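One file, model_9.cif, is given below (mmCIF, N, CA, C and O atoms).
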data_data
loop_
_atom_site.label_atom_id
_atom_site.label_comp_id
_atom_site.auth_asym_id
_atom_site.auth_seq_id
_atom_site.Cartn_x
_atom_site.Cartn_y
_atom_site.Cartn_z
N GLY A 220 30.82 15.86 7.72
CA GLY A 220 29.44 15.80 7.39
C GLY A 220 29.16 16.22 5.95
O GLY A 220 28.31 15.64 5.28
N LEU A 221 29.88 17.23 5.49
CA LEU A 221 29.64 17.71 4.13
C LEU A 221 30.09 16.70 3.09
O LEU A 221 29.43 16.51 2.06
N ASP A 222 31.19 16.00 3.36
CA ASP A 222 31.67 14.98 2.42
C ASP A 222 30.69 13.81 2.34
O ASP A 222 30.45 13.26 1.26
N VAL A 223 30.11 13.43 3.47
CA VAL A 223 29.12 12.36 3.49
C VAL A 223 27.89 12.78 2.67
O VAL A 223 27.37 11.99 1.86
N LEU A 224 27.45 13.99 2.83
CA LEU A 224 26.31 14.50 2.08
C LEU A 224 26.62 14.53 0.58
O LEU A 224 25.78 14.15 -0.25
N HIS A 225 27.83 14.94 0.24
CA HIS A 225 28.24 14.98 -1.17
C HIS A 225 28.24 13.58 -1.78
O HIS A 225 27.71 13.37 -2.88
N LYS A 226 28.80 12.62 -1.09
CA LYS A 226 28.82 11.24 -1.60
C LYS A 226 27.41 10.65 -1.65
O LYS A 226 27.08 9.91 -2.57
N PHE A 227 26.58 10.99 -0.68
CA PHE A 227 25.21 10.50 -0.68
C PHE A 227 24.44 11.02 -1.89
O PHE A 227 23.67 10.28 -2.50
N MET A 228 24.67 12.26 -2.26
CA MET A 228 24.00 12.81 -3.44
C MET A 228 24.48 12.12 -4.71
O MET A 228 23.69 11.86 -5.62
N TRP A 229 25.76 11.78 -4.79
CA TRP A 229 26.26 11.03 -5.95
C TRP A 229 25.63 9.65 -6.01
O TRP A 229 25.25 9.18 -7.09
N VAL A 230 25.50 9.00 -4.88
CA VAL A 230 24.89 7.67 -4.85
C VAL A 230 23.42 7.77 -5.26
O VAL A 230 22.93 6.92 -6.02
N ARG A 231 22.73 8.78 -4.80
CA ARG A 231 21.33 8.97 -5.20
C ARG A 231 21.21 9.22 -6.69
O ARG A 231 20.29 8.72 -7.34
N LEU A 232 22.14 9.99 -7.26
CA LEU A 232 22.14 10.25 -8.69
C LEU A 232 22.30 8.95 -9.48
O LEU A 232 21.55 8.69 -10.43
N ILE A 233 23.25 8.12 -9.09
CA ILE A 233 23.48 6.85 -9.78
C ILE A 233 22.25 5.95 -9.61
O ILE A 233 21.83 5.28 -10.57
N ALA A 234 21.67 5.91 -8.43
CA ALA A 234 20.48 5.09 -8.20
C ALA A 234 19.33 5.54 -9.09
O ALA A 234 18.64 4.71 -9.69
N ARG A 235 19.12 6.84 -9.22
CA ARG A 235 18.05 7.36 -10.07
C ARG A 235 18.33 7.06 -11.55
O ARG A 235 17.42 6.77 -12.32
N MET A 236 19.59 7.15 -11.94
CA MET A 236 19.93 6.83 -13.33
C MET A 236 19.67 5.36 -13.62
O MET A 236 19.16 5.02 -14.70
N PHE A 237 20.00 4.48 -12.68
CA PHE A 237 19.73 3.06 -12.87
C PHE A 237 18.23 2.80 -12.96
O PHE A 237 17.78 1.99 -13.76
N GLU A 238 17.45 3.49 -12.14
CA GLU A 238 16.01 3.31 -12.19
C GLU A 238 15.43 3.81 -13.51
O GLU A 238 14.52 3.20 -14.07
N ALA A 239 15.97 4.91 -14.04
CA ALA A 239 15.47 5.46 -15.29
C ALA A 239 15.83 4.57 -16.48
O ALA A 239 15.08 4.48 -17.44
N MET A 240 16.98 3.91 -16.40
CA MET A 240 17.40 3.05 -17.51
C MET A 240 16.57 1.76 -17.55
O MET A 240 16.29 1.26 -18.63
N ALA A 241 16.24 1.23 -16.41
CA ALA A 241 15.38 0.04 -16.29
C ALA A 241 15.80 -1.11 -17.20
O ALA A 241 14.99 -1.68 -17.90
N GLY A 242 17.07 -1.41 -17.22
CA GLY A 242 17.56 -2.56 -17.98
C GLY A 242 17.91 -2.26 -19.41
O GLY A 242 18.38 -3.13 -20.12
N ASN A 243 17.70 -1.04 -19.87
CA ASN A 243 18.00 -0.67 -21.26
C ASN A 243 19.33 0.06 -21.36
O ASN A 243 19.41 1.15 -21.91
N PHE A 244 20.36 -0.53 -20.82
CA PHE A 244 21.67 0.10 -20.82
C PHE A 244 22.40 -0.30 -22.08
O PHE A 244 22.74 -1.46 -22.28
N ALA A 245 22.63 0.65 -22.97
CA ALA A 245 23.19 0.35 -24.29
C ALA A 245 24.68 0.06 -24.24
O ALA A 245 25.18 -0.73 -25.03
N TYR A 246 25.41 0.69 -23.34
CA TYR A 246 26.86 0.55 -23.30
C TYR A 246 27.26 -0.26 -22.08
O TYR A 246 27.65 0.27 -21.06
N SER A 247 27.16 -1.57 -22.20
CA SER A 247 27.41 -2.44 -21.05
C SER A 247 28.86 -2.39 -20.59
O SER A 247 29.15 -2.69 -19.44
N GLY A 248 29.77 -1.98 -21.45
CA GLY A 248 31.16 -1.86 -21.05
C GLY A 248 31.42 -0.71 -20.10
O GLY A 248 32.46 -0.66 -19.43
N ASP A 249 30.50 0.24 -20.02
CA ASP A 249 30.68 1.42 -19.17
C ASP A 249 30.00 1.30 -17.82
O ASP A 249 30.01 2.25 -17.04
N ILE A 250 29.40 0.17 -17.54
CA ILE A 250 28.69 0.01 -16.26
C ILE A 250 29.66 0.12 -15.09
O ILE A 250 29.30 0.57 -14.01
N HIS A 251 30.92 -0.25 -15.31
CA HIS A 251 31.90 -0.18 -14.22
C HIS A 251 32.17 1.26 -13.78
O HIS A 251 32.54 1.50 -12.64
N LEU A 252 31.96 2.23 -14.66
CA LEU A 252 32.14 3.63 -14.28
C LEU A 252 31.11 4.05 -13.23
O LEU A 252 31.43 4.78 -12.29
N PHE A 253 29.89 3.58 -13.39
CA PHE A 253 28.85 3.88 -12.41
C PHE A 253 29.09 3.12 -11.11
O PHE A 253 28.87 3.64 -10.02
N LEU A 254 29.54 1.88 -11.24
CA LEU A 254 29.80 1.08 -10.04
C LEU A 254 30.99 1.61 -9.26
O LEU A 254 31.03 1.46 -8.04
N ASN A 255 31.94 2.26 -9.93
CA ASN A 255 33.08 2.86 -9.22
C ASN A 255 32.63 3.97 -8.29
O ASN A 255 33.22 4.17 -7.22
N VAL A 256 31.61 4.72 -8.67
CA VAL A 256 31.07 5.76 -7.79
C VAL A 256 30.51 5.13 -6.53
O VAL A 256 30.77 5.58 -5.41
N LEU A 257 29.75 4.04 -6.69
CA LEU A 257 29.18 3.36 -5.53
C LEU A 257 30.27 2.74 -4.67
O LEU A 257 30.22 2.83 -3.44
N ASN A 258 31.25 2.10 -5.31
CA ASN A 258 32.35 1.48 -4.56
C ASN A 258 33.14 2.52 -3.77
O ASN A 258 33.53 2.28 -2.63
N GLY A 259 33.39 3.67 -4.39
CA GLY A 259 34.13 4.72 -3.71
C GLY A 259 33.39 5.28 -2.51
O GLY A 259 33.97 5.53 -1.46
N ALA A 260 32.10 5.46 -2.66
CA ALA A 260 31.30 5.99 -1.55
C ALA A 260 31.26 5.01 -0.39
O ALA A 260 31.38 5.41 0.77
N VAL A 261 31.11 3.73 -0.69
CA VAL A 261 31.05 2.74 0.39
C VAL A 261 32.43 2.53 1.02
O VAL A 261 32.53 2.26 2.21
N THR A 262 33.48 2.70 0.24
CA THR A 262 34.83 2.56 0.80
C THR A 262 35.16 3.72 1.73
O THR A 262 35.71 3.52 2.81
N LEU A 263 34.83 4.92 1.31
CA LEU A 263 35.15 6.10 2.12
C LEU A 263 34.26 6.24 3.35
O LEU A 263 34.71 6.73 4.38
N HIS A 264 33.00 5.82 3.24
CA HIS A 264 32.06 6.05 4.33
C HIS A 264 31.35 4.77 4.74
O HIS A 264 30.12 4.74 4.89
N SER A 265 32.09 3.71 4.92
CA SER A 265 31.48 2.43 5.28
C SER A 265 30.91 2.42 6.69
O SER A 265 30.10 1.57 7.02
N GLU A 266 31.32 3.37 7.52
CA GLU A 266 30.80 3.42 8.89
C GLU A 266 29.44 4.13 8.97
O GLU A 266 28.76 4.05 9.98
N ASP A 267 29.06 4.81 7.91
CA ASP A 267 27.79 5.52 7.89
C ASP A 267 26.69 4.59 7.41
O ASP A 267 26.69 4.13 6.27
N ALA A 268 25.74 4.32 8.28
CA ALA A 268 24.68 3.36 7.97
C ALA A 268 23.79 3.83 6.82
O ALA A 268 23.31 3.01 6.03
N CYS A 269 23.56 5.11 6.71
CA CYS A 269 22.70 5.63 5.65
C CYS A 269 23.32 5.39 4.28
O CYS A 269 22.64 4.91 3.36
N ILE A 270 24.59 5.69 4.14
CA ILE A 270 25.28 5.47 2.85
C ILE A 270 25.36 3.98 2.56
O ILE A 270 25.11 3.55 1.44
N LEU A 271 25.70 3.20 3.56
CA LEU A 271 25.84 1.75 3.38
C LEU A 271 24.51 1.14 2.93
O LEU A 271 24.47 0.34 2.00
N ARG A 272 23.43 1.55 3.56
CA ARG A 272 22.11 1.02 3.21
C ARG A 272 21.71 1.42 1.80
O ARG A 272 21.21 0.61 1.02
N TYR A 273 21.93 2.67 1.43
CA TYR A 273 21.53 3.15 0.11
C TYR A 273 22.37 2.52 -1.00
O TYR A 273 21.85 2.18 -2.06
N VAL A 274 23.68 2.35 -0.74
CA VAL A 274 24.55 1.73 -1.74
C VAL A 274 24.18 0.26 -1.93
O VAL A 274 24.11 -0.23 -3.06
N MET A 275 23.93 -0.45 -0.84
CA MET A 275 23.56 -1.86 -0.96
C MET A 275 22.22 -2.01 -1.69
O MET A 275 22.05 -2.92 -2.50
N ALA A 276 21.28 -1.12 -1.42
CA ALA A 276 20.00 -1.17 -2.13
C ALA A 276 20.20 -0.88 -3.61
O ALA A 276 19.55 -1.51 -4.46
N THR A 277 21.10 0.03 -3.95
CA THR A 277 21.38 0.33 -5.34
C THR A 277 22.04 -0.85 -6.04
O THR A 277 21.72 -1.16 -7.19
N TYR A 278 22.97 -1.54 -5.34
CA TYR A 278 23.58 -2.75 -5.90
C TYR A 278 22.52 -3.80 -6.20
O TYR A 278 22.53 -4.41 -7.27
N ILE A 279 21.63 -4.02 -5.26
CA ILE A 279 20.60 -5.05 -5.44
C ILE A 279 19.66 -4.68 -6.59
O ILE A 279 19.34 -5.53 -7.43
N ASN A 280 19.24 -3.43 -6.64
CA ASN A 280 18.36 -2.99 -7.74
C ASN A 280 19.05 -3.08 -9.08
O ASN A 280 18.44 -3.47 -10.08
N ALA A 281 20.32 -2.71 -9.13
CA ALA A 281 21.07 -2.79 -10.39
C ALA A 281 21.22 -4.24 -10.83
O ALA A 281 21.07 -4.55 -12.02
N ALA A 282 21.50 -5.13 -9.91
CA ALA A 282 21.64 -6.54 -10.26
C ALA A 282 20.31 -7.11 -10.76
O ALA A 282 20.28 -7.92 -11.68
N HIS A 283 19.23 -6.65 -10.17
CA HIS A 283 17.91 -7.12 -10.60
C HIS A 283 17.52 -6.56 -11.97
O HIS A 283 17.00 -7.29 -12.82
N ASN A 284 17.80 -5.27 -12.19
CA ASN A 284 17.38 -4.62 -13.44
C ASN A 284 18.29 -4.93 -14.62
O ASN A 284 17.85 -4.88 -15.76
N PHE A 285 19.56 -5.21 -14.35
CA PHE A 285 20.52 -5.42 -15.43
C PHE A 285 20.99 -6.86 -15.46
O PHE A 285 22.19 -7.14 -15.54
N LYS A 286 20.07 -7.80 -15.44
CA LYS A 286 20.43 -9.21 -15.49
C LYS A 286 21.07 -9.60 -16.81
O LYS A 286 21.86 -10.53 -16.86
N ASN A 287 20.74 -8.90 -17.86
CA ASN A 287 21.23 -9.27 -19.18
C ASN A 287 22.67 -8.84 -19.46
O ASN A 287 23.23 -9.22 -20.46
N ILE A 288 23.26 -8.03 -18.59
CA ILE A 288 24.64 -7.56 -18.82
C ILE A 288 25.60 -8.56 -18.19
O ILE A 288 25.50 -8.92 -17.06
#
Using structure tokens, write down the structure that the file contains.
Amino acid sequence: GLDVLHKFMWVRLIARMFEAMAGNFAYSGDIHLFLNVLNGAVTLHSEDACILRYVMATYINAAHNFKNI
């Protein structure tokens, strides 16, 4: 349970950072570092619906906000 909570907080942090950037990401080569956090959380906890839902929503929001990358 504690590991799931830890990964969920990391996913929330990345989601909030993406929302704050709102498409103004200056270093497009580093976007994979943020996506690795999301990929790792979904790989480790794919059976948890809460993490899966939040990661998929973050992917969709990132794809919508960062169309220019």
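Between atom O of Asp267 in chain A and atom C of Lys286 in chain A there is a distance of 27.4 Å.
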Go through A:Ala268, A:Ala234, A:Leu221, A:Val256 and flag the residue nearest Ala281 in chain A, using only C-alpha atoms for the distances.
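Of the candidates, the smallest distance to Ala281 in chain A is held by A:Ala234.
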Quick one: pull the distance between atom N of Asn284 in chain A and CA of Ile233 in chain A, Å, one decimal.
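Computing the Euclidean distance for atom N of Asn284 in chain A and CA of Ile233 in chain A yields 13.6 Å.
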Students should find that CA of Thr277 in chain A and CA of Asp222 in chain A are spaced 19.5 Å
May I ask which of the residues A:Glu238, A:Leu263, A:Leu224, A:Leu257 is the closest one to Asn280 in chain A, counting only N, CA, C and O atoms?
A:Glu238
Give me, as an NGL selection string, the residues of chain A that a backbone DSSP run labels helix (DSSP H, G or I).
:A and (221-240 or 247-263 or 268-284)
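Each of A:Phe285, A:Phe227, A:Gly220, A:Ala245 was checked against Ala260 in chain A using all atoms listed in the file; the smallest atom-to-atom distance is that of A:Phe227.
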